[in-house]
Amino acid sequence: MRQTTMLFVLLAGALSLALFSVKYQVQDLEGELVDLNRSIKAEQQAVRVLKAEWSHLNNPDRLRGLAERHLGLDQVRPEQMQTLQNVSNKKGEATR
Amino acid sequence: MSDQDLLPMSEENTVLTHEDPPRVHFEGSKKSAMETGRNRLLVTGMVVLLAFTVVGGRLITLATSSPDADKKFARATAKPNVAGRGEIVDRRGVILAASLPIASLYANPQGILDADEAADKLTEILPDLSREELLVKLRGKGQFVWLRRNLTPQQVYDINALGIPGVAFADGERRVFPHGRVASHLLGMTDVDGKGIAGVERYFDDALRNDGRRVQLSIDLRIQAILHQELTSVVARFNALGAAGVILDAETGEVTAMVSLPDYNPNDAGTLQGEAGFNRVTKGVYEMGSTFKLLTAAMALDSGKVSLQDRYDARKPIRIARFRITDYHGKNRWLSVPEILIYSSNIGAAKMAMDLGGKAQKAYLAKLGMLRQSAVELPEVGTPLSPARWRDINTMTISYGHGIAVTPLQMAAAIATVVNGGYYRPPTILKRDKPKPGGEIIHQIFSEKTSSQMRNLMRLVVSRGTGRKANVPGYKIGGKTGTAEKQGNGGYREKALISSFVAAFPIDAPRYVLLVLVDEPKGNKSTYYYATGGWVAAPTIGKLVQRIAPMIGIRPVLEGDKPKTSKPKISKRRRAPVKAAFVPFSTKSVERTGAR
């Protein structure tokens with residue numbers, strides 16, 4: 001009788017200790033989750049801003065202006081386009 | 001048994017061990033009371049046991065279930081709430097409209113301690129706010145008043161640093177259009193509360209706002225930008241009132257680009273003034289002029305009542321009712337069907353339509369979606385104008401695009417049907433899959449043969465007819481000019497033109513149908529003061545094709561321009577006069593005429 005009682009008292013003590021620590025662990029994890037969610041939200045907002053900016057910077061008119069100003073590029077003319085076959089026929093010149 | 005056996009605790013009873021519990025017996029009423037007690041205990045025990053079993057079982061299921069099984073519980077805490085108005089992207093995923101987080105400043109006037117000081121400090125950071133208005137707001141009676149929407153992060157930081165009691169920030173979002181004017185009419189706009197008020201923003205407002213869904217359009221931003229630029233330049237060059245341009249995927253009916261000028265900057269509501277908000281491509285209805293002759297020819301050939309070899313007498317104007325139908329590029333002789341298109345003969349087209357018959361013409365137009373509103377996914381859709389009673393005179397004028405007004409989008413869709421093998425697909429601004437066999441039912445309106453004949457005819461118009469200015473080296477473009485006089489003051493105004501060009505390229509296997517329409521262009525020195533479709537709109541088509549073709553991987557073919565077989569024969573003798581095609585035939589004595 002006494003042994004059984006002792007056993008159960010010990011078990012109850014151990015379990016409540018375990019419960020106590022698990023509860024605090026869960027609380028910590030929940031705090032961490034809230035922090036993570038907050039930073040995910042912040043990152044997602046940042047991604048949205050960056051994506052919009054990326055799209056803005058890739059505006060075709062802007063790119064064309066940059067290519068004309070800094071690279072001296074102009075519109076492709078039909079005679080500038082060749083097939084790979086035509087290129088390889090001209091030996092020597094093609095390797096450049 | 002008597003009472004003595006129960007109550008007196010004798011010495012013998014107290015020394016009894018566990019192994020030998022006392023056996024107690026009751027009789028009579030005592031016995032029944034004991035039985036009741038035992039039963040109650042048993043029932044209570046059972047209930048408690050059952051409860052623990054349930055709790056235990058639940059514990060086991062929770063402990064052994066996988067984390068994914070109860071997603072609905074998990075999400076309640078784990079979802080990072082970033083839902084906002086959905087994005088609008090082009091067919092390649094480039095963002096056309098997005099919502100960005102932004103803070104707005106508000107005040108609770110009851111919480112303001114010193115309105116003067118607060119107003120001084122705030123105007124220092126937000127110099128565009130008027131101090132007087134601010135004071136009125138801060139001394140107000142209410143609990144809430146907006147001070148300023150859409151602050152920059154720096155402004156938010158500065159205002160926070162002031163530490164004024166009674167003012168606070170509300171998180172909000174602001175709609176941004178990274179490409180500005182390029183697709184203004186298509187995208188539309190949102191109001192200050194983030195509600196769509198025009199274009200795609202309005203049509204898909206529910207999906208964008210409530211579900212945060214992403215809407216993918218059929219637009220290719222690169223092609224859209226090219227169209228926007230070329231139209232802007234043609235409007236400037238000819239000092240036109242405006243212009244409309246649409247590029248349609250010939251096979252799927254997807255709108256690849258759509259521009260209406262004048263336009264506005266959707267990022268700045270102040271630019272939305274007057275005509276700027278009007279989408280000419282889907283809302284405007286126009287008498288298209290001679291581009292309609294393509295439809296007339298396609299119908300006539302497809303019906304079997306007219307063949308390519310048939311010839312029509314175009315020597316004399318047609319007199320019907322109080323009208324005279326004359327030719328602008330008059331030949332004053334018999335014309336074959338190809339020549340009617342090449343020289344854009346109104347007389348020939350009218351006679352061809354009479355051979356076809358008004359009933360058949362109306363039926364074809366109905367099948368091409370020209371007699372009712374287009375089902376395109378935009379709130380701004382115009383209703384075509386067509387005659388209530390379809391008389392002979394209507395059949396004749398409609399044959400060359402007068403007496404019927406349709407939207408440029410409908411016209412482009414009809415031409416796509418003509419060139420793509422005869423299959424009509426209603427135009428859409430949403431990305432669409434390639435047609436699958438057994439999928440959606442697609443109506444074939446013209447036969448493959450008619451379509452092939454029409455492609456050859458369209459090529460002829462560009463290679464040696466009124467559309468020669470659309471010709472560019474290396475690319476095979478087919479098309480048709482159109483010049484219509486605008487109506488006004490109870491008649492047609494000869495100087496106010498709608499000049500257009502509709503084209504398909506590459507014409508032997510069309511990928512795109514292009515339509516350019518310029519509203520009231522003024523001819524200038526470089527065009528010898530002509531403002532017709534052939535002078536104004538055709539060169540724009542050529543430029544568009546030259547810029548778009550390399551982008552979509554169409555290789556130029558430079559070794560001479562030889563249309564394929566089955567092209568209609570035109571003898572040398574007849575070919576010669578084409579050079580004079582741009583000399584206008586005098587129409588001074590004519591009360592009114594239609595297309596040129």
# chains A, B, ... in the order shown; residues from 1 in each chain; ligands from 1

call {"tool": "interface_residues", "arguments": {"of": "chain A", "to": "chain B", "cutoff": "9 Å", "atoms": "only C-alpha atoms", "output": "ChimeraX atom specification"}}
result
/A:33-34,36-42,44-46,48-49,51-61,75-79,81-83

call {"tool": "select_by_dssp", "arguments": {"residues": "region 202-385 of chain B", "states": "strand (DSSP E)", "output": "list in words"}}
result
Val215, Gln216, Gly242, Ala243, Ala244, Gly245, Val246, Ile247, Leu248, Asp249, Val255, Thr256, Ala257, Met258, Val259, Ser260, Leu261, Arg311, Tyr312, Asp313, Ile318, Arg319, Ile320, Phe323, Arg324, Ile325, Trp334, Leu335 and Ser336 of chain B

call {"tool": "residues_around", "arguments": {"residues": "Gly523 (chain B)", "least_positions_apart": "5", "cutoff": "12 Å", "atoms": "only C-alpha atoms", "output": "short mmCIF file (atom, residue, chain, number, x, y, z; two decimals) with N, CA and C atoms, in the first residue's frame"}}
result
data_model
loop_
_atom_site.label_atom_id
_atom_site.label_comp_id
_atom_site.auth_asym_id
_atom_site.auth_seq_id
_atom_site.Cartn_x
_atom_site.Cartn_y
_atom_site.Cartn_z
N VAL B 234 2.75 58.02 -84.39
CA VAL B 234 1.90 58.33 -85.54
C VAL B 234 0.90 59.43 -85.19
N VAL B 235 0.42 59.43 -83.96
CA VAL B 235 -0.50 60.50 -83.54
C VAL B 235 0.23 61.84 -83.56
N ALA B 236 1.47 61.84 -83.10
CA ALA B 236 2.23 63.09 -83.09
C ALA B 236 2.54 63.54 -84.51
N ARG B 237 2.90 62.59 -85.38
CA ARG B 237 3.32 62.95 -86.73
C ARG B 237 2.17 63.55 -87.53
N PHE B 238 0.97 63.01 -87.34
CA PHE B 238 -0.16 63.48 -88.13
C PHE B 238 -1.12 64.33 -87.32
N ASN B 239 -0.67 64.73 -86.14
CA ASN B 239 -1.47 65.64 -85.33
C ASN B 239 -2.92 65.12 -85.21
N ALA B 240 -3.04 63.84 -84.91
CA ALA B 240 -4.36 63.20 -84.89
C ALA B 240 -5.04 63.39 -83.55
N LYS B 495 -13.02 65.94 -94.70
CA LYS B 495 -11.68 66.21 -94.16
C LYS B 495 -11.42 65.46 -92.86
N ALA B 496 -12.48 64.94 -92.26
CA ALA B 496 -12.30 64.24 -90.98
C ALA B 496 -12.34 62.74 -91.25
N LEU B 497 -11.16 62.12 -91.22
CA LEU B 497 -11.08 60.72 -91.62
C LEU B 497 -10.75 59.81 -90.45
N SER B 499 -8.53 56.72 -90.50
CA SER B 499 -7.63 56.00 -91.39
C SER B 499 -7.12 54.76 -90.67
N VAL B 518 -6.33 55.42 -86.94
CA VAL B 518 -5.96 56.77 -86.52
C VAL B 518 -7.15 57.69 -86.73
N TYR B 528 2.31 64.21 -98.86
CA TYR B 528 1.66 65.01 -99.90
C TYR B 528 0.25 65.38 -99.47
N TYR B 529 0.11 65.62 -98.17
CA TYR B 529 -1.15 66.05 -97.57
C TYR B 529 -2.27 65.02 -97.72
N TYR B 530 -1.91 63.78 -97.92
CA TYR B 530 -2.91 62.71 -97.83
C TYR B 530 -2.97 62.24 -96.39
N ALA B 531 -4.15 61.84 -95.98
CA ALA B 531 -4.30 61.32 -94.63
C ALA B 531 -5.07 60.01 -94.67
N THR B 532 -4.93 59.28 -95.76
CA THR B 532 -5.67 58.04 -95.92
C THR B 532 -4.96 56.89 -95.21
N GLY B 533 -5.67 55.77 -95.10
CA GLY B 533 -5.11 54.61 -94.42
C GLY B 533 -3.79 54.17 -95.02
N GLY B 534 -3.69 54.26 -96.35
CA GLY B 534 -2.47 53.84 -97.02
C GLY B 534 -1.27 54.71 -96.69
N TRP B 535 -1.51 55.98 -96.38
CA TRP B 535 -0.41 56.89 -96.07
C TRP B 535 -0.13 56.97 -94.59
N VAL B 536 -1.16 56.85 -93.77
CA VAL B 536 -0.99 57.10 -92.34
C VAL B 536 -0.76 55.80 -91.57
N ALA B 537 -1.67 54.85 -91.76
CA ALA B 537 -1.64 53.66 -90.91
C ALA B 537 -0.72 52.57 -91.45
#

call {"tool": "residues_around", "arguments": {"residues": "Ala107 (chain B)", "least_positions_apart": "2", "cutoff": "12 Å", "atoms": "only C-alpha atoms", "output": "JSON, numbers by chain"}}
result
{"B": [104, 105, 109, 110, 111, 112, 113, 115, 118, 119, 122, 134, 135, 136, 137, 138, 139, 140, 141, 142, 143, 144, 145, 146, 147, 148, 149, 164, 165, 166, 167, 168, 169, 170]}

call {"tool": "select_by_dssp", "arguments": {"residues": "region 49-87 of chain A", "states": "alpha helix (DSSP H)", "output": "NGL selection string"}}
result
:A and (49-57 or 60-66 or 84-87)

call {"tool": "residues_around", "arguments": {"residues": "region 186-189 of chain B", "least_positions_apart": "4", "cutoff": "10 Å", "atoms": "only C-alpha atoms", "output": "PyMOL selection string"}}
result
chain B and resi 88+96-97+175-177+181-182+194-203+217+219+257-260+264-269+272+277+279+281-282+377-380+429

call {"tool": "residues_around", "arguments": {"residues": "Asn210 (chain B)", "least_positions_apart": "2", "cutoff": "10 Å", "atoms": "only C-alpha atoms", "output": "VMD selection string"}}
result
chain B and resid 83 to 86 205 to 208 212 to 213

call {"tool": "write_last_selection", "arguments": {"atoms": "N, CA and C atoms", "output": "PDB file, in the first residue's frame"}}
result
ATOM      1  N   ALA B  83      -2.504  38.765 -47.145  1.00  0.00           N
ATOM      2  CA  ALA B  83      -3.443  38.893 -48.257  1.00  0.00           C
ATOM      3  C   ALA B  83      -3.602  40.358 -48.626  1.00  0.00           C
ATOM      4  N   GLY B  84      -3.510  40.632 -49.898  1.00  0.00           N
ATOM      5  CA  GLY B  84      -3.725  41.989 -50.384  1.00  0.00           C
ATOM      6  C   GLY B  84      -4.379  41.860 -51.728  1.00  0.00           C
ATOM      7  N   ARG B  85      -4.605  42.979 -52.387  1.00  0.00           N
ATOM      8  CA  ARG B  85      -5.180  42.930 -53.722  1.00  0.00           C
ATOM      9  C   ARG B  85      -4.230  42.173 -54.635  1.00  0.00           C
ATOM     10  N   GLY B  86      -4.800  41.275 -55.448  1.00  0.00           N
ATOM     11  CA  GLY B  86      -3.975  40.413 -56.291  1.00  0.00           C
ATOM     12  C   GLY B  86      -3.202  41.185 -57.348  1.00  0.00           C
ATOM     13  N   ASP B 205     -12.551  42.885 -60.150  1.00  0.00           N
ATOM     14  CA  ASP B 205     -12.395  43.491 -58.831  1.00  0.00           C
ATOM     15  C   ASP B 205     -12.625  42.481 -57.712  1.00  0.00           C
ATOM     16  N   ASP B 206     -13.658  41.686 -57.845  1.00  0.00           N
ATOM     17  CA  ASP B 206     -14.007  40.735 -56.785  1.00  0.00           C
ATOM     18  C   ASP B 206     -12.876  39.748 -56.544  1.00  0.00           C
ATOM     19  N   ALA B 207     -12.390  39.148 -57.641  1.00  0.00           N
ATOM     20  CA  ALA B 207     -11.321  38.146 -57.510  1.00  0.00           C
ATOM     21  C   ALA B 207     -10.044  38.783 -56.975  1.00  0.00           C
ATOM     22  N   LEU B 208      -9.736  39.975 -57.462  1.00  0.00           N
ATOM     23  CA  LEU B 208      -8.488  40.633 -57.047  1.00  0.00           C
ATOM     24  C   LEU B 208      -8.563  41.067 -55.588  1.00  0.00           C
ATOM     25  N   GLY B 212      -7.737  37.907 -53.431  1.00  0.00           N
ATOM     26  CA  GLY B 212      -6.316  38.172 -53.633  1.00  0.00           C
ATOM     27  C   GLY B 212      -5.748  37.394 -54.794  1.00  0.00           C
ATOM     28  N   ARG B 213      -6.592  37.038 -55.746  1.00  0.00           N
ATOM     29  CA  ARG B 213      -6.139  36.205 -56.862  1.00  0.00           C
ATOM     30  C   ARG B 213      -5.251  36.988 -57.808  1.00  0.00           C
TER      31      ARG B 213
END

call {"tool": "atom_distance", "arguments": {"atom1": "CA of Leu517 (chain B)", "atom2": "CA of Phe278 (chain B)"}}
result
14.6 Å

call {"tool": "residues_around", "arguments": {"residues": "region 416-418 of chain B", "least_positions_apart": "3", "cutoff": "6 Å", "atoms": "only C-alpha atoms", "output": "list of chain:residue names"}}
result
B:Ala250, B:Ala413, B:Gly422, B:Tyr423, B:Tyr424, B:Ser451, B:Val513

call {"tool": "decode", "arguments": {"residues": "region 230-257 of chain B", "atoms": "N, CA and C atoms", "output": "PDB file, in the first residue's frame"}}
result
ATOM      1  N   GLU B 230       4.737  53.163 -81.197  1.00  0.00           N
ATOM      2  CA  GLU B 230       4.488  53.467 -82.607  1.00  0.00           C
ATOM      3  C   GLU B 230       3.208  54.277 -82.782  1.00  0.00           C
ATOM      4  N   LEU B 231       2.182  53.957 -81.979  1.00  0.00           N
ATOM      5  CA  LEU B 231       0.944  54.729 -82.089  1.00  0.00           C
ATOM      6  C   LEU B 231       1.153  56.161 -81.615  1.00  0.00           C
ATOM      7  N   THR B 232       1.901  56.309 -80.519  1.00  0.00           N
ATOM      8  CA  THR B 232       2.184  57.647 -80.018  1.00  0.00           C
ATOM      9  C   THR B 232       2.880  58.465 -81.096  1.00  0.00           C
ATOM     10  N   SER B 233       3.810  57.832 -81.806  1.00  0.00           N
ATOM     11  CA  SER B 233       4.552  58.584 -82.810  1.00  0.00           C
ATOM     12  C   SER B 233       3.669  58.903 -84.015  1.00  0.00           C
ATOM     13  N   VAL B 234       2.751  58.018 -84.389  1.00  0.00           N
ATOM     14  CA  VAL B 234       1.897  58.326 -85.540  1.00  0.00           C
ATOM     15  C   VAL B 234       0.899  59.434 -85.191  1.00  0.00           C
ATOM     16  N   VAL B 235       0.424  59.434 -83.965  1.00  0.00           N
ATOM     17  CA  VAL B 235      -0.495  60.504 -83.537  1.00  0.00           C
ATOM     18  C   VAL B 235       0.229  61.840 -83.557  1.00  0.00           C
ATOM     19  N   ALA B 236       1.467  61.840 -83.099  1.00  0.00           N
ATOM     20  CA  ALA B 236       2.232  63.091 -83.086  1.00  0.00           C
ATOM     21  C   ALA B 236       2.536  63.539 -84.513  1.00  0.00           C
ATOM     22  N   ARG B 237       2.898  62.585 -85.381  1.00  0.00           N
ATOM     23  CA  ARG B 237       3.320  62.951 -86.730  1.00  0.00           C
ATOM     24  C   ARG B 237       2.165  63.547 -87.528  1.00  0.00           C
ATOM     25  N   PHE B 238       0.975  63.011 -87.336  1.00  0.00           N
ATOM     26  CA  PHE B 238      -0.156  63.485 -88.130  1.00  0.00           C
ATOM     27  C   PHE B 238      -1.117  64.330 -87.323  1.00  0.00           C
ATOM     28  N   ASN B 239      -0.674  64.732 -86.136  1.00  0.00           N
ATOM     29  CA  ASN B 239      -1.470  65.635 -85.328  1.00  0.00           C
ATOM     30  C   ASN B 239      -2.919  65.121 -85.212  1.00  0.00           C
ATOM     31  N   ALA B 240      -3.042  63.842 -84.906  1.00  0.00           N
ATOM     32  CA  ALA B 240      -4.357  63.204 -84.891  1.00  0.00           C
ATOM     33  C   ALA B 240      -5.040  63.395 -83.548  1.00  0.00           C
ATOM     34  N   LEU B 241      -6.356  63.190 -83.539  1.00  0.00           N
ATOM     35  CA  LEU B 241      -7.105  63.288 -82.287  1.00  0.00           C
ATOM     36  C   LEU B 241      -6.766  62.129 -81.363  1.00  0.00           C
ATOM     37  N   GLY B 242      -6.524  60.982 -81.975  1.00  0.00           N
ATOM     38  CA  GLY B 242      -6.241  59.806 -81.168  1.00  0.00           C
ATOM     39  C   GLY B 242      -5.971  58.632 -82.077  1.00  0.00           C
ATOM     40  N   ALA B 243      -5.765  57.483 -81.466  1.00  0.00           N
ATOM     41  CA  ALA B 243      -5.501  56.290 -82.259  1.00  0.00           C
ATOM     42  C   ALA B 243      -5.880  55.062 -81.447  1.00  0.00           C
ATOM     43  N   ALA B 244      -6.130  53.978 -82.167  1.00  0.00           N
ATOM     44  CA  ALA B 244      -6.401  52.704 -81.509  1.00  0.00           C
ATOM     45  C   ALA B 244      -5.551  51.659 -82.199  1.00  0.00           C
ATOM     46  N   GLY B 245      -5.024  50.738 -81.438  1.00  0.00           N
ATOM     47  CA  GLY B 245      -4.235  49.672 -82.029  1.00  0.00           C
ATOM     48  C   GLY B 245      -4.491  48.387 -81.278  1.00  0.00           C
ATOM     49  N   VAL B 246      -4.601  47.292 -82.018  1.00  0.00           N
ATOM     50  CA  VAL B 246      -4.785  46.009 -81.350  1.00  0.00           C
ATOM     51  C   VAL B 246      -4.012  44.952 -82.127  1.00  0.00           C
ATOM     52  N   ILE B 247      -3.341  44.086 -81.393  1.00  0.00           N
ATOM     53  CA  ILE B 247      -2.637  42.964 -82.005  1.00  0.00           C
ATOM     54  C   ILE B 247      -3.221  41.697 -81.399  1.00  0.00           C
ATOM     55  N   LEU B 248      -3.703  40.836 -82.279  1.00  0.00           N
ATOM     56  CA  LEU B 248      -4.450  39.664 -81.849  1.00  0.00           C
ATOM     57  C   LEU B 248      -3.701  38.414 -82.281  1.00  0.00           C
ATOM     58  N   ASP B 249      -3.635  37.435 -81.406  1.00  0.00           N
ATOM     59  CA  ASP B 249      -3.100  36.143 -81.807  1.00  0.00           C
ATOM     60  C   ASP B 249      -4.102  35.520 -82.780  1.00  0.00           C
ATOM     61  N   ALA B 250      -3.649  35.270 -84.009  1.00  0.00           N
ATOM     62  CA  ALA B 250      -4.588  34.868 -85.057  1.00  0.00           C
ATOM     63  C   ALA B 250      -5.250  33.530 -84.756  1.00  0.00           C
ATOM     64  N   GLU B 251      -4.539  32.663 -84.050  1.00  0.00           N
ATOM     65  CA  GLU B 251      -5.089  31.334 -83.819  1.00  0.00           C
ATOM     66  C   GLU B 251      -5.984  31.279 -82.592  1.00  0.00           C
ATOM     67  N   THR B 252      -5.539  31.885 -81.484  1.00  0.00           N
ATOM     68  CA  THR B 252      -6.260  31.721 -80.227  1.00  0.00           C
ATOM     69  C   THR B 252      -7.224  32.861 -79.916  1.00  0.00           C
ATOM     70  N   GLY B 253      -7.107  33.978 -80.630  1.00  0.00           N
ATOM     71  CA  GLY B 253      -7.962  35.117 -80.325  1.00  0.00           C
ATOM     72  C   GLY B 253      -7.522  35.890 -79.096  1.00  0.00           C
ATOM     73  N   GLU B 254      -6.320  35.596 -78.595  1.00  0.00           N
ATOM     74  CA  GLU B 254      -5.822  36.341 -77.440  1.00  0.00           C
ATOM     75  C   GLU B 254      -5.354  37.724 -77.880  1.00  0.00           C
ATOM     76  N   VAL B 255      -5.679  38.713 -77.079  1.00  0.00           N
ATOM     77  CA  VAL B 255      -5.192  40.061 -77.349  1.00  0.00           C
ATOM     78  C   VAL B 255      -3.746  40.127 -76.873  1.00  0.00           C
ATOM     79  N   THR B 256      -2.826  40.324 -77.816  1.00  0.00           N
ATOM     80  CA  THR B 256      -1.414  40.372 -77.447  1.00  0.00           C
ATOM     81  C   THR B 256      -1.001  41.788 -77.070  1.00  0.00           C
ATOM     82  N   ALA B 257      -1.674  42.763 -77.657  1.00  0.00           N
ATOM     83  CA  ALA B 257      -1.415  44.149 -77.295  1.00  0.00           C
ATOM     84  C   ALA B 257      -2.663  44.953 -77.626  1.00  0.00           C
TER      85      ALA B 257
END
